[in-house]
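Engineer: Below: one structure in structure tokens.
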Amino acid sequence: MHIKDVEQRTGLSRANIRYYEQEGLVHPARRKNGYRDYSPDDLETLLRIRLLRRLDVPIEEIRSMQAGKLSLSEALSQRLAALRRREEQARADQSVCRAMQADHACYDTLDAEKYWRLLYTPPQAAPAAARTDRQEPCPWRRFLARGLDMLLCSSAVALALMLGRIAPQTPGFSLLTYVGSLLLMLGVEPVLLHLWGVTPGKLLLGLTVEQPDGRRPTWGQAYAYTAMAVVYGIALYIPVLRLWRLRRSYLDCRDGLKMPWEGEVLCQSQDIPWWRWALLPAAWGLVILAIIGGSNILLMPANSGRLTVEEFAENFNQMAQATDSPLRLHSNGAWVRDSLRGYAATLENAYPSRLEYETDANGYLTAVRFRCSYTAQGGGDPSSAPDFVYASTAFIQPLLLAMLASQDASAQDMAALVNDRWDQGFVYETEDARTSVTVTCYGYVVDRSTGMLISHDASCGFTAAFDIGTEKKRQPPGSGGCLYGV
């Protein structure tokens with residue numbers, strides 16, 4: 001194709017075509033007579049160059065695109081940014097021209113400094129139109145969404161503490177959960193609001209936190225919203241103050257007043273299908289089940305399988321903490337006597353003075369034995385001497401748990417032992433272990449609602465012989481633990 005034909009097809013002048021050739025953007029072949037021969041690909045290249053140059057894309061950027069160093073999308077983004085700057089400057093120029101006309105400015109008296117500053121003063125943005133597909137949410141929807149979010153935070157902290165072997169009965173557990181849940185909410189909720197405008201509770205109930213024009217909150221707005229809601233909405237969960245603030249917030253929201261924590265953002269809602277409301281109690285139930293399931297973590301022993309005396313003592317202390325027992329064992333298996341300080345003085349007579357351990361040649365436990373007895377002193381109401389009633393949870397149940405948990409007993413089986421069978425005796429068998437317990441008592445009846453002993457005779461007594469041993473016993477492969485009475 002001759003250059004004259006290319007001129008006609010592209011509308012470019014011969015000088016422009018030669019210029020693009022000199023810049024290395026197009027490479028026509030040469031005929032034998034020395035004339036340039038433009039191919040269809042050369043024509044297409046020139047048409048692309050014509051378009052891009054019309055958009056003021058620099059020659060260097062076109063060359064980079066041809067070399068694969070720059071994508072068209074990147075070049076167009078840069079061009080759009082330049083066009084926006086030019087458009088803003090054009091609007092500023094028009095504004096200054098109108099201002100000079102309105103001031104009837106004359107050349108001889110022109111205040112050049114004043115109008116120069118106007119050229120580079122950013123114009124005030126017009127307020128964005130409010131979203132028309134949103135409505136103010138009802139107070140109850142906001143309350144339930146906040147409650148679900150707080151439950152998720154407190155549950156996450158509680159489960160983390162239990163994973164760390166900190167039992168709910170441990171002093172300070174509630175305080176740690178309270179402080180941790182507030183910190184977790186302050187750390188996580190602003191991120192969710194900035195990125196998506198919702199939290200789990202708000203997402204479920206069709207609530208969004210957004211600016212009046214529908215944009216997501218900025219980082220500062222999101223953190224301010226969460227912090228102010230925690231302080232003014234739920235009053236840091238301080239009991240009486242929280243109730244007062246909830247009532248105040250409910251009345252303000254009902255009356256259409258803006259909440260103190262909303263500031264430059266609004267909490268708005270959309271209609272949701274009925275099944276969203278049905279999912280709310282289901283979500284609460286799942287979280288509560290997760291907490292209950294997580295509490296079983298506390299019944300999983302620190303040590304399992306064959307135990308040394310030190311490992312057994314560590315298991316006992318863990319189970320005692322989980323069952324709220326005051327007793328503890330030293331690493332050598334002896335009682336920590338000071339652990340009963342602050343409890344009934346006669347309780348010291350209601351647990352064995354020492355535990356007897358039997359081990360094999362390698363130092364692993366084969367049996368833990370003890371005997372104890374207690375007789376109520378004096379007459380009167382026998383139920384006024386509840387020492388051994390408490391002793392059942394103080395040391396007997398933790399001892400059973402410490403031994404059985406090491407044999408990988410299931411949480412259900414261990415719960416049956418603790419609540420139903422410990423006073424009757426039992427045998428628990430696994431694939432390669434057998435643990436038996438025998439109990440004898442008189443003068444007491446068992447309260448099945450609590451699983452504890454209640455004295456019914458002023459001269460009642462209790463004698464028990466626990467033989468918690470481990471014996472090798474092969475069962476068919478795949479069989480689980482077996483629990484039965486003796």
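Every chain in the structure tokens has a letter given in the order shown (A, B, ...), and although residue numbers restart at 1 in each chain, ligands are simply numbered from 1 in the order shown.
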So that I can see what lies close to region 170-181 of chain A, please list as a ChimeraX atom specification the residues with an atom at most 8 Å from it, counting only C-alpha atoms and leaving out residues fewer than 4 positions away in the same chain.
Structural biologist: /A:150,153-154,156-158,166,185,321
Engineer: Would you please give, as a ChimeraX atom specification, all residues of region 52-282 of chain A that DSSP assigns to strand (DSSP E or B) based on the backbone?
Structural biologist: /A:135,207-210,266-269
Engineer: What does the distance from CA of Asp271 (chain A) to CA of Lys202 (chain A) come to in Å, to one decimal?
Structural biologist: 12.4 Å
Engineer: Would you kindly return, as a PDB file with N, CA and C atoms, in the first residue's frame, each protein, DNA or RNA residue with an atom no farther than 10 Å from any atom of Arg50 (chain A), considering only C-alpha atoms and excluding same-chain residues fewer than 5 positions away?
Structural biologist:
ATOM      1  N   THR A  10      -6.459   6.944   6.515  1.00  0.00           N
ATOM      2  CA  THR A  10      -6.335   7.337   7.930  1.00  0.00           C
ATOM      3  C   THR A  10      -6.654   8.802   8.183  1.00  0.00           C
ATOM      4  N   GLY A  11      -6.561   9.625   7.150  1.00  0.00           N
ATOM      5  CA  GLY A  11      -6.765  11.054   7.361  1.00  0.00           C
ATOM      6  C   GLY A  11      -5.559  11.742   7.931  1.00  0.00           C
ATOM      7  N   LEU A  12      -4.460  11.015   8.060  1.00  0.00           N
ATOM      8  CA  LEU A  12      -3.225  11.592   8.571  1.00  0.00           C
ATOM      9  C   LEU A  12      -2.430  12.210   7.444  1.00  0.00           C
ATOM     10  N   ASN A  16       2.899  13.504   9.255  1.00  0.00           N
ATOM     11  CA  ASN A  16       2.608  12.781  10.496  1.00  0.00           C
ATOM     12  C   ASN A  16       2.987  11.306  10.373  1.00  0.00           C
ATOM     13  N   ILE A  17       2.680  10.722   9.213  1.00  0.00           N
ATOM     14  CA  ILE A  17       3.003   9.306   9.015  1.00  0.00           C
ATOM     15  C   ILE A  17       4.504   9.097   9.081  1.00  0.00           C
ATOM     16  N   GLU A  44      -3.474  -0.585  10.402  1.00  0.00           N
ATOM     17  CA  GLU A  44      -4.176  -0.723  11.674  1.00  0.00           C
ATOM     18  C   GLU A  44      -3.411  -0.036  12.803  1.00  0.00           C
ATOM     19  N   THR A  45      -2.082  -0.124  12.756  1.00  0.00           N
ATOM     20  CA  THR A  45      -1.263   0.537  13.770  1.00  0.00           C
ATOM     21  C   THR A  45      -1.448   2.052  13.713  1.00  0.00           C
ATOM     22  N   LEU A  55      -6.672  11.370  21.960  1.00  0.00           N
ATOM     23  CA  LEU A  55      -6.935  11.386  23.408  1.00  0.00           C
ATOM     24  C   LEU A  55      -5.746  11.926  24.199  1.00  0.00           C
ATOM     25  N   ASP A  56      -4.772  12.453  23.490  1.00  0.00           N
ATOM     26  CA  ASP A  56      -3.587  13.061  24.099  1.00  0.00           C
ATOM     27  C   ASP A  56      -2.721  12.054  24.846  1.00  0.00           C
ATOM     28  N   VAL A  57      -2.747  10.814  24.393  1.00  0.00           N
ATOM     29  CA  VAL A  57      -1.825   9.824  24.962  1.00  0.00           C
ATOM     30  C   VAL A  57      -0.441  10.098  24.399  1.00  0.00           C
TER      31      VAL A  57
END
Engineer: Based on the backbone DSSP call, show me all residues of region 253-350 of chain A assigned helix (DSSP H, G or I), as a VMD selection string.
Structural biologist: chain A and resid 253 to 254 274 to 299 309 to 322 337 to 340 345 to 350
Engineer: Would you pick out the contacts of region 333-337 of chain A at 7 Å or less, using only C-alpha atoms, so that residues sharing its chain but fewer than 3 positions from it are not included, and give the list as a ChimeraX atom specification?
Structural biologist: /A:309-310,313,327-330,340,354
Engineer: Do you have the CA of Gly220 (chain A)-CA of Val188 (chain A) distance handy?
Structural biologist: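 That distance, rounded to one decimal, is 13.8 Å.
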Engineer: What does the distance from CA of Met259 (chain A) to CA of Leu151 (chain A) come to in Å, to one decimal?
Structural biologist: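 For CA of Met259 (chain A) relative to CA of Leu151 (chain A), the distance reads 22.0 Å.
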